[in-house]
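Engineer: Structure file query18.txt, compact mmCIF, C-alpha atoms, is pasted below:
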# COMPACT_ATOMS: atom_id res chain seq x y z
CA MET A 222 17.56 -8.05 16.26
CA LEU A 223 19.04 -7.81 12.75
CA SER A 224 18.30 -11.51 12.23
CA GLU A 225 14.63 -10.55 12.01
CA SER A 226 15.24 -7.94 9.27
CA PRO A 227 13.79 -10.01 6.39
CA LEU A 228 10.59 -10.64 8.35
CA ALA A 229 10.34 -6.98 9.36
CA LEU A 230 10.97 -5.91 5.75
CA CYS A 231 8.29 -8.29 4.52
CA SER A 232 5.64 -6.98 6.91
CA THR A 233 6.63 -3.35 6.23
CA PHE A 234 6.21 -3.48 2.45
CA SER A 235 3.19 -5.78 2.51
CA LEU A 236 1.29 -3.84 5.19
CA ILE A 237 1.85 -0.43 3.59
CA GLY A 238 0.97 -1.68 0.11
CA ALA A 239 -2.14 -3.41 1.48
CA GLY A 240 -3.12 -0.27 3.37
CA ALA A 241 -2.91 1.81 0.20
CA PHE A 242 -5.29 -0.53 -1.62
CA MET A 243 -7.67 -0.54 1.35
CA VAL A 244 -7.82 3.26 1.24
CA LEU A 245 -8.16 3.37 -2.56
CA ALA A 246 -11.04 0.89 -2.41
CA VAL A 247 -13.14 3.13 -0.15
CA LEU A 248 -12.36 6.49 -1.76
CA PRO A 249 -15.38 8.22 -3.31
CA ASN A 250 -15.43 7.40 -7.00
CA GLY A 251 -16.73 10.69 -8.36
CA PRO A 252 -13.68 12.94 -7.88
CA LEU A 253 -11.43 10.34 -9.54
CA GLN A 254 -13.54 10.02 -12.69
CA ARG A 255 -12.11 13.07 -14.43
CA GLN A 256 -10.36 11.74 -17.52
CA GLY A 257 -6.85 13.05 -16.88
CA VAL A 258 -7.01 12.35 -13.15
CA ARG A 259 -8.23 8.79 -13.59
CA ARG A 260 -5.43 8.00 -16.02
CA ASN A 261 -2.78 9.39 -13.68
CA VAL A 262 -4.13 7.46 -10.70
CA ASP A 263 -4.15 4.27 -12.76
CA VAL A 264 -0.47 4.68 -13.64
CA LEU A 265 0.49 5.52 -10.06
CA CYS A 266 -1.24 2.36 -8.77
CA ALA A 267 2.04 0.69 -9.69
CA MET A 268 3.50 2.07 -6.42
CA PRO A 269 1.34 0.11 -3.92
CA CYS A 270 1.40 -2.85 -6.30
CA LEU A 271 5.21 -2.83 -6.21
CA ALA A 272 5.18 -2.60 -2.41
CA VAL A 273 2.93 -5.67 -2.15
CA VAL A 274 5.07 -7.67 -4.59
CA LEU A 275 8.29 -6.69 -2.79
CA GLY A 276 6.69 -7.74 0.51
CA LEU A 277 5.82 -11.14 -0.95
CA VAL A 278 9.37 -11.59 -2.26
CA ALA A 279 10.79 -10.62 1.14
CA ALA A 280 8.46 -13.15 2.78
CA CYS A 281 9.76 -15.93 0.54
CA PHE A 282 13.31 -15.20 1.72
CA GLY A 283 12.35 -14.31 5.28
CA PHE A 284 10.60 -17.58 6.05
CA GLN A 285 13.66 -19.55 4.94
CA ASP A 286 15.63 -18.12 7.88
CA GLN A 287 16.03 -19.92 11.18
CA SER A 288 15.45 -16.87 13.37
CA ALA A 289 13.42 -17.15 16.57
CA ALA A 290 10.43 -15.20 15.24
CA VAL A 291 10.23 -17.25 12.03
CA ALA A 292 10.45 -20.49 14.00
CA LEU A 293 7.62 -19.39 16.30
CA LEU A 294 5.38 -18.36 13.43
CA ARG A 295 6.13 -21.50 11.42
CA ASP A 296 5.47 -23.82 14.36
CA TYR A 297 2.49 -22.12 15.97
CA GLY A 298 1.00 -19.73 13.40
CA GLY A 299 -1.38 -22.44 12.27
CA ALA A 300 -4.43 -21.64 10.17
CA ALA A 301 -3.99 -17.89 10.62
CA LEU A 302 -0.47 -18.03 9.12
CA ILE A 303 -1.71 -20.12 6.19
CA LEU A 304 -4.56 -17.66 5.67
CA ALA A 305 -2.12 -14.73 5.76
CA ALA A 306 0.19 -16.44 3.26
CA VAL A 307 -2.67 -17.26 0.89
CA ALA A 308 -4.09 -13.73 1.24
CA ASP A 309 -0.63 -12.26 0.53
CA VAL A 310 -0.25 -14.30 -2.68
CA LEU A 311 -3.81 -13.53 -3.80
CA LEU A 312 -3.33 -9.84 -2.97
CA ALA A 313 -0.15 -9.65 -5.05
CA CYS A 314 -1.82 -11.41 -7.99
CA ALA A 315 -4.97 -9.27 -7.77
CA ALA A 316 -2.96 -6.05 -7.45
CA VAL A 317 -0.89 -6.88 -10.54
CA ALA A 318 -4.05 -7.89 -12.42
CA TYR A 319 -5.76 -4.63 -11.46
CA CYS A 320 -2.81 -2.49 -12.58
CA LEU A 321 -2.60 -4.33 -15.89
CA CYS A 322 -6.36 -4.14 -16.40
CA VAL A 323 -6.72 -0.39 -15.84
CA ASN A 324 -3.59 0.54 -17.76
CA LEU A 325 -3.58 -1.93 -20.63
CA GLY A 326 -7.06 -3.47 -20.75
CA LYS A 327 -9.95 -2.28 -22.86
CA ASP A 328 -12.37 -2.24 -19.95
CA ALA A 329 -10.59 0.46 -17.95
CA GLU A 330 -13.86 2.05 -16.87
CA GLY A 331 -17.18 1.09 -15.39
CA ARG A 332 -18.44 -1.29 -12.75
CA ARG A 333 -15.96 -4.07 -13.44
CA ARG A 334 -13.07 -1.77 -12.76
CA ARG A 335 -14.57 -0.63 -9.45
CA ALA A 336 -15.45 -4.21 -8.48
CA LEU A 337 -11.88 -5.36 -9.13
CA LEU A 338 -10.50 -2.57 -6.94
CA ARG A 339 -12.88 -3.55 -4.14
CA ILE A 340 -11.73 -7.17 -4.43
CA VAL A 341 -8.12 -6.02 -4.08
CA GLY A 342 -9.09 -3.87 -1.09
CA ALA A 343 -10.90 -6.79 0.57
CA LEU A 344 -7.87 -9.05 0.08
CA ALA A 345 -5.67 -6.32 1.54
CA ALA A 346 -7.86 -6.08 4.64
CA LEU A 347 -7.89 -9.88 4.95
CA PHE A 348 -4.09 -10.00 4.75
CA ALA A 349 -3.61 -7.28 7.39
CA CYS A 350 -6.02 -8.96 9.82
CA ALA A 351 -4.72 -12.50 9.20
CA SER A 352 -1.12 -11.36 9.72
CA GLY A 353 -2.02 -9.97 13.12
CA LEU A 354 -3.94 -13.11 14.09
CA ALA A 355 -1.00 -15.32 13.05
CA HIS A 356 1.23 -13.48 15.53
CA LEU A 357 -1.51 -13.60 18.16
CA ALA A 358 -1.68 -17.40 17.88
CA VAL A 359 2.00 -17.81 18.82
CA PRO A 360 2.64 -18.76 22.49
CA GLU A 361 4.88 -15.74 23.01
CA PRO A 362 3.70 -13.64 25.99
CA SER A 363 4.76 -10.33 24.45
CA TRP A 364 2.73 -11.00 21.28
CA ALA A 365 -0.36 -12.56 22.91
CA THR A 366 -2.32 -9.34 23.22
CA LEU A 367 -5.00 -7.61 21.17
CA ALA A 368 -2.48 -4.79 20.65
CA THR A 369 -0.59 -7.01 18.16
CA PRO A 370 -3.21 -7.18 15.36
CA LEU A 371 -4.40 -3.64 16.09
CA GLN A 372 -0.94 -2.13 15.67
CA MET A 373 -0.40 -4.02 12.41
CA LEU A 374 -3.71 -2.72 11.06
CA GLY A 375 -2.72 0.76 12.22
CA PHE A 376 0.67 0.61 10.48
CA SER A 377 -1.12 -0.51 7.32
CA LEU A 378 -3.62 2.35 7.38
CA LEU A 379 -1.11 5.06 8.29
CA GLY A 380 1.54 4.06 5.77
CA GLY A 381 -1.03 3.23 3.11
CA SER A 382 -2.87 6.53 3.47
CA ALA A 383 0.43 8.42 3.11
CA LEU A 384 1.16 6.51 -0.10
CA VAL A 385 -2.31 7.30 -1.46
CA VAL A 386 -1.82 10.98 -0.60
CA LEU A 387 1.37 10.96 -2.67
CA MET A 388 -0.43 9.23 -5.56
CA LEU A 389 -3.38 11.64 -5.58
CA GLU A 390 -1.17 14.70 -5.20
CA LYS A 391 0.90 13.69 -8.23
CA ALA A 392 -2.28 12.82 -10.13
CA GLY A 393 -3.87 16.21 -9.40
CA ALA A 394 -6.77 14.62 -7.50
CA LEU A 395 -6.14 15.95 -4.02
CA ASP A 396 -8.64 18.80 -4.24
CA ASP A 397 -11.94 17.19 -3.28
CA PRO A 398 -13.17 17.74 0.32
CA SER A 399 -14.60 14.22 0.65
CA VAL A 400 -11.30 12.67 -0.46
CA LYS A 401 -9.35 14.87 1.94
CA ARG A 402 -11.68 14.00 4.81
CA LEU A 403 -11.39 10.24 4.24
CA LEU A 404 -7.60 10.38 3.93
CA THR A 405 -7.33 12.39 7.14
CA VAL A 406 -9.53 9.92 9.03
CA ALA A 407 -7.50 6.97 7.72
CA ALA A 408 -4.19 8.59 8.71
CA VAL A 409 -5.35 9.56 12.21
CA LEU A 410 -6.97 6.18 12.84
CA GLY A 411 -3.83 4.42 11.62
CA ALA A 412 -1.62 6.52 13.91
CA VAL A 413 -3.83 5.86 16.94
CA LEU A 414 -3.99 2.11 16.33
CA GLY A 415 -0.36 1.73 15.28
CA VAL A 416 1.48 3.87 17.82
CA GLY A 417 -1.11 3.28 20.52
CA GLY A 418 -1.09 -0.50 20.06
CA PHE A 419 2.69 -0.65 20.05
CA SER A 420 2.89 1.54 23.16
CA VAL A 421 0.50 -0.78 25.00
CA GLN A 422 2.68 -3.74 24.04
CA VAL A 423 5.87 -2.02 25.24
CA LEU A 424 4.28 -1.12 28.59
CA ALA A 425 3.06 -4.70 29.03
CA VAL A 426 6.45 -6.22 28.15
CA SER A 427 8.18 -3.91 30.62
CA GLU A 428 6.30 -5.68 33.43
CA MET A 429 7.08 -9.21 32.19
CA ALA A 430 10.00 -11.62 32.47
CA GLY A 431 10.96 -14.76 30.56
CA ALA A 432 13.76 -16.96 29.27
CA ALA A 433 15.27 -14.01 27.40
CA GLY A 434 15.46 -11.97 30.61
CA ALA A 435 13.49 -9.13 32.12
CA GLY A 436 11.09 -7.41 29.76
CA ALA A 437 12.37 -4.01 30.84
CA ASP A 438 15.85 -5.00 29.63
CA LEU A 439 14.48 -6.03 26.23
CA VAL A 440 12.66 -2.72 25.91
CA ARG A 441 15.83 -0.86 26.86
CA ALA A 442 17.83 -2.76 24.24
CA ALA A 443 15.29 -1.88 21.55
CA SER A 444 14.82 1.72 22.73
CA MET A 445 16.67 3.28 19.77
CA HIS A 446 14.50 1.48 17.21
CA ILE A 447 11.39 2.35 19.21
CA ALA A 448 12.30 6.03 19.44
CA VAL A 449 13.15 6.31 15.73
CA GLY A 450 10.02 4.39 14.74
CA VAL A 451 7.64 6.49 16.82
CA PHE A 452 9.27 9.73 15.64
CA CYS A 453 9.02 8.68 11.99
CA LEU A 454 5.37 7.64 12.29
CA ALA A 455 4.57 10.95 13.99
CA ALA A 456 6.28 12.66 11.04
CA THR A 457 4.21 10.53 8.66
CA LEU A 458 1.00 11.76 10.25
CA VAL A 459 2.08 15.41 10.42
CA PHE A 460 3.46 15.67 6.90
CA GLY A 461 0.60 13.58 5.51
CA VAL A 462 -2.01 15.89 6.99
CA MET A 463 -0.02 18.91 5.76
CA ALA A 464 -0.03 17.48 2.23
CA ILE A 465 -3.79 16.88 2.48
CA ARG A 466 -4.70 20.30 3.88
CA MET A 467 -2.25 22.64 2.13
CA LYS A 468 -3.16 24.05 -1.27
CA GLU A 469 0.46 24.25 -2.41
CA THR A 470 2.08 21.00 -3.46
CA GLY A 471 5.56 20.24 -2.19
CA PHE A 472 7.61 17.48 -0.66
CA HIS A 473 5.28 16.88 2.29
CA SER A 474 3.77 13.71 0.82
CA VAL A 475 7.20 12.35 -0.16
CA ILE A 476 8.49 12.90 3.38
CA ALA A 477 5.35 11.26 4.78
CA VAL A 478 5.83 8.12 2.67
CA ALA A 479 9.55 7.85 3.39
CA SER A 480 8.97 8.36 7.12
CA GLY A 481 6.21 5.77 7.03
CA PHE A 482 8.41 3.05 5.57
CA VAL A 483 11.27 3.80 7.99
CA GLY A 484 8.96 4.07 11.00
CA VAL A 485 7.06 0.85 10.34
CA PHE A 486 10.31 -1.04 9.65
CA CYS A 487 11.89 0.16 12.91
CA LEU A 488 8.84 -0.74 15.00
CA ARG A 489 8.53 -4.15 13.32
CA LEU A 490 12.18 -4.81 14.19
CA ALA A 491 11.52 -3.73 17.77
CA PHE A 492 8.39 -5.90 17.88
CA TYR A 493 10.38 -9.02 17.00
CA ALA A 494 13.10 -8.05 19.46
CA LEU A 495 10.61 -8.09 22.34
CA GLN A 496 10.50 -11.88 22.61
CA LEU A 497 10.41 -13.12 26.17
CA ALA A 498 10.47 -16.82 25.24
CA GLY A 499 13.90 -16.57 23.65
CA ALA A 500 16.46 -14.17 22.30
CA ALA A 501 15.61 -12.52 19.01
Spell out the structure here as structure tokens.

Structural biologist:
Amino acid sequence: MLSESPLALCSTFSLIGAGAFMVLAVLPNGPLQRQGVRRNVDVLCAMPCLAVVLGLVAACFGFQDQSAAVALLRDYGGAALILAAVADVLLACAAVAYCLCVNLGKDAEGRRRRALLRIVGALAALFACASGLAHLAVPEPSWATLATPLQMLGFSLLGGSALVVLMLEKAGALDDPSVKRLLTVAAVLGAVLGVGGFSVQVLAVSEMAGAAGAGADLVRAASMHIAVGVFCLAATLVFGVMAIRMKETGFHSVIAVASGFVGVFCLRLAFYALQLAGAA
């Protein structure tokens, strides 16, 4: 299982960073236009940008490995894998360009700024969807289910919304009802898709068998990672909603973000461990 760590690390950072930009791109613009708030949010955009860049770096190292999951994706990922790779590179470049533009550029306001953020958000959504489709294209029975792309999109939304909550809380922008409502919807939807999709996959694998052995045995071997991952993602949702709804600021958003990264990483490791075609 540990042989898949670089790939799991890559998808964890990239998905959460992409999710944060997806959420930022659809936030109502009005509440963020206050001068001090806008400046703070611009500076804090470095956090999802760093996550995306770290995910890209991890991917460069991860796809040099000879692990079973990397071999499957490299051999069978096809056009979807190429699309995901291109989207990841473009997302990293666009995210860096956006952060530099809003923090150092002269045109830090207006329609161009909003248009650039929407471009970054669209690239983030493209990357999340293409990553799921690349796994879906692999002839691995445990991955060949609609639950695969749905859970990856869910992880992206849940972890990304927690990161945006942290950003807005630190920026003093977490006081608008419309912003709170959208963040809550994103977090709940992400939890349903992520945990629900992964649960469907685990139940399906439990009934399968392959060259690596009985699916139930694979699930049992990955049970610790599954338990920790589900617990951490549940904590991400709970502490994220607490940070959104409570008037007092505290460490709820920090705990939500930390739990999100740990939870997604554990479930990505477990995902790659559930390979029926060969040992992970």

Engineer: Find the residues near Lys391 of chain A: any atom within 10 Å, counting all atoms listed in the file, skip ones fewer than 2 places away on the same chain, and give them as an NGL selection string.

Structural biologist: :A and (258 or 261-262 or 265 or 385-389 or 393-395 or 470 or 474)

Engineer: Return as a tab-separated table the residues of segment 361-466 of chain A lying at most 6 Å from segment 487-495 of chain A, together with the closest atom-to-atom pair for each and the distance in Å to one decimal, counting all atoms listed in the file, with rows in chain order and ascending residue number.

Structural biologist:
residue	atom	partner	partner_atom	distance
A:Leu439	CA	A:Leu495	CA	5.9
A:Ala443	CA	A:Ala491	CA	5.7
A:His446	CA	A:Cys487	CA	5.2
A:Ile447	CA	A:Leu488	CA	5.8
A:Gly450	CA	A:Cys487	CA	5.0

Engineer: Please dump the current selection as a compact mmCIF listing (two decimals), keeping the file's coordinate frame; keep C-alpha atoms.

Structural biologist:
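To be explicit, this is the file written out as result08.txt:
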# COMPACT_ATOMS: atom_id res chain seq x y z
CA LEU A 439 14.48 -6.03 26.23
CA ALA A 443 15.29 -1.88 21.55
CA HIS A 446 14.50 1.48 17.21
CA ILE A 447 11.39 2.35 19.21
CA GLY A 450 10.02 4.39 14.74

Engineer: May I have the residues within 12 Å of segment 338-340 of chain A as a VMD selection string, using all atoms listed in the file and disregarding those fewer than 5 positions away in the same chain?

Structural biologist: chain A and resid 239 241 to 248 250 263 266 270 308 311 to 320 322 to 323 329 to 333 345 to 347

Engineer: Restricting the calculation to all atoms listed in the file, which member of A:Ser232, A:Gln496, A:Thr457, A:Ser444 is positioned closest to Ser420 of chain A?

Structural biologist: A:Ser444

Engineer: Provide the atom CA of Ala279 of chain A to atom CA of Ile237 of chain A distance in Å, to one decimal place.

Structural biologist: 13.8 Å

Engineer: Distance cut-off 10 Å, centre (-5.1, -9.9, 21.7) in file coordinates, counting only C-alpha atoms: which residues qualify? Return them as a short mmCIF file (atom, residue, chain, number, x, y, z; two decimals) with C-alpha atoms, in the frame of the given file.

Structural biologist:
data_model
loop_
_atom_site.label_atom_id
_atom_site.label_comp_id
_atom_site.auth_asym_id
_atom_site.auth_seq_id
_atom_site.Cartn_x
_atom_site.Cartn_y
_atom_site.Cartn_z
CA GLY A 353 -2.02 -9.97 13.12
CA LEU A 354 -3.94 -13.11 14.09
CA HIS A 356 1.23 -13.48 15.53
CA LEU A 357 -1.51 -13.60 18.16
CA ALA A 358 -1.68 -17.40 17.88
CA TRP A 364 2.73 -11.00 21.28
CA ALA A 365 -0.36 -12.56 22.91
CA THR A 366 -2.32 -9.34 23.22
CA LEU A 367 -5.00 -7.61 21.17
CA ALA A 368 -2.48 -4.79 20.65
CA THR A 369 -0.59 -7.01 18.16
CA PRO A 370 -3.21 -7.18 15.36
CA LEU A 371 -4.40 -3.64 16.09
#

Engineer: Separation of atom CA of Leu230 of chain A and atom CA of Ala280 of chain A, in Å?

Structural biologist: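 These two atoms are separated by 8.2 Å.
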
Engineer: Rounded to one decimal in Å, what is the spacing between atom CA of Asn324 of chain A and atom CA of Asp397 of chain A?

Structural biologist: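 Going from atom CA of Asn324 of chain A over to atom CA of Asp397 of chain A, I get 23.6 Å.
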
Engineer: Which residue is closest to Gly471 of chain A? Choose from A:Val423, A:Ala442, A:Glu390, A:Lys401 and count all atoms listed in the file.

Structural biologist: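 Using all atoms listed in the file, the shortest distance to Gly471 of chain A belongs to A:Glu390.
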
Engineer: What's around Ala306 of chain A at 10 Å? Count only C-alpha atoms, leave out sequence neighbours fewer than 4 positions away in its own chain, and write the answer as a PDB file with C-alpha atoms, in the frame of the given file.

Structural biologist:
ATOM      1  CA  LEU A 277       5.820 -11.140  -0.950  1.00  0.00           C
ATOM      2  CA  ALA A 280       8.460 -13.150   2.780  1.00  0.00           C
ATOM      3  CA  CYS A 281       9.760 -15.930   0.540  1.00  0.00           C
ATOM      4  CA  ALA A 300      -4.430 -21.640  10.170  1.00  0.00           C
ATOM      5  CA  ALA A 301      -3.990 -17.890  10.620  1.00  0.00           C
ATOM      6  CA  LEU A 302      -0.470 -18.030   9.120  1.00  0.00           C
ATOM      7  CA  VAL A 310      -0.250 -14.300  -2.680  1.00  0.00           C
ATOM      8  CA  LEU A 311      -3.810 -13.530  -3.800  1.00  0.00           C
ATOM      9  CA  LEU A 312      -3.330  -9.840  -2.970  1.00  0.00           C
ATOM     10  CA  PHE A 348      -4.090 -10.000   4.750  1.00  0.00           C
ATOM     11  CA  ALA A 351      -4.720 -12.500   9.200  1.00  0.00           C
ATOM     12  CA  SER A 352      -1.120 -11.360   9.720  1.00  0.00           C
ATOM     13  CA  ALA A 355      -1.000 -15.320  13.050  1.00  0.00           C
TER      14      ALA A 355
END

Engineer: Rank nothing, just name the residue among A:Val273, A:Met445, A:Val451, A:Val278 nearest to Phe234 of chain A, using only C-alpha atoms.

Structural biologist: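 Residue with the minimum atom-to-atom distance to Phe234 of chain A: A:Val273.
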
Engineer: Restrict the calculation to all atoms listed in the file, then for each residue of segment 298-401 of chain A with any atom at most 9 Å from an atom of segment 482-485 of chain A give the closest atom pair and their distance in Å to one decimal, rows by chain and rising residue number, as JSON lines.

Structural biologist:
{"residue": "A:Phe376", "atom": "CA", "partner": "A:Val485", "partner_atom": "CA", "distance": 6.4}
{"residue": "A:Ser377", "atom": "CA", "partner": "A:Val485", "partner_atom": "CA", "distance": 8.8}
{"residue": "A:Gly380", "atom": "CA", "partner": "A:Phe482", "partner_atom": "CA", "distance": 6.9}

Engineer: Considering all atoms listed in the file, state which residue in the set A:Gly381, A:Pro249, A:Gly342, A:Gly375 is at the smallest distance from Pro269 of chain A.

Structural biologist: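 Of A:Gly381, A:Pro249, A:Gly342, A:Gly375, the one nearest Pro269 of chain A is A:Gly381, counting all atoms listed in the file.
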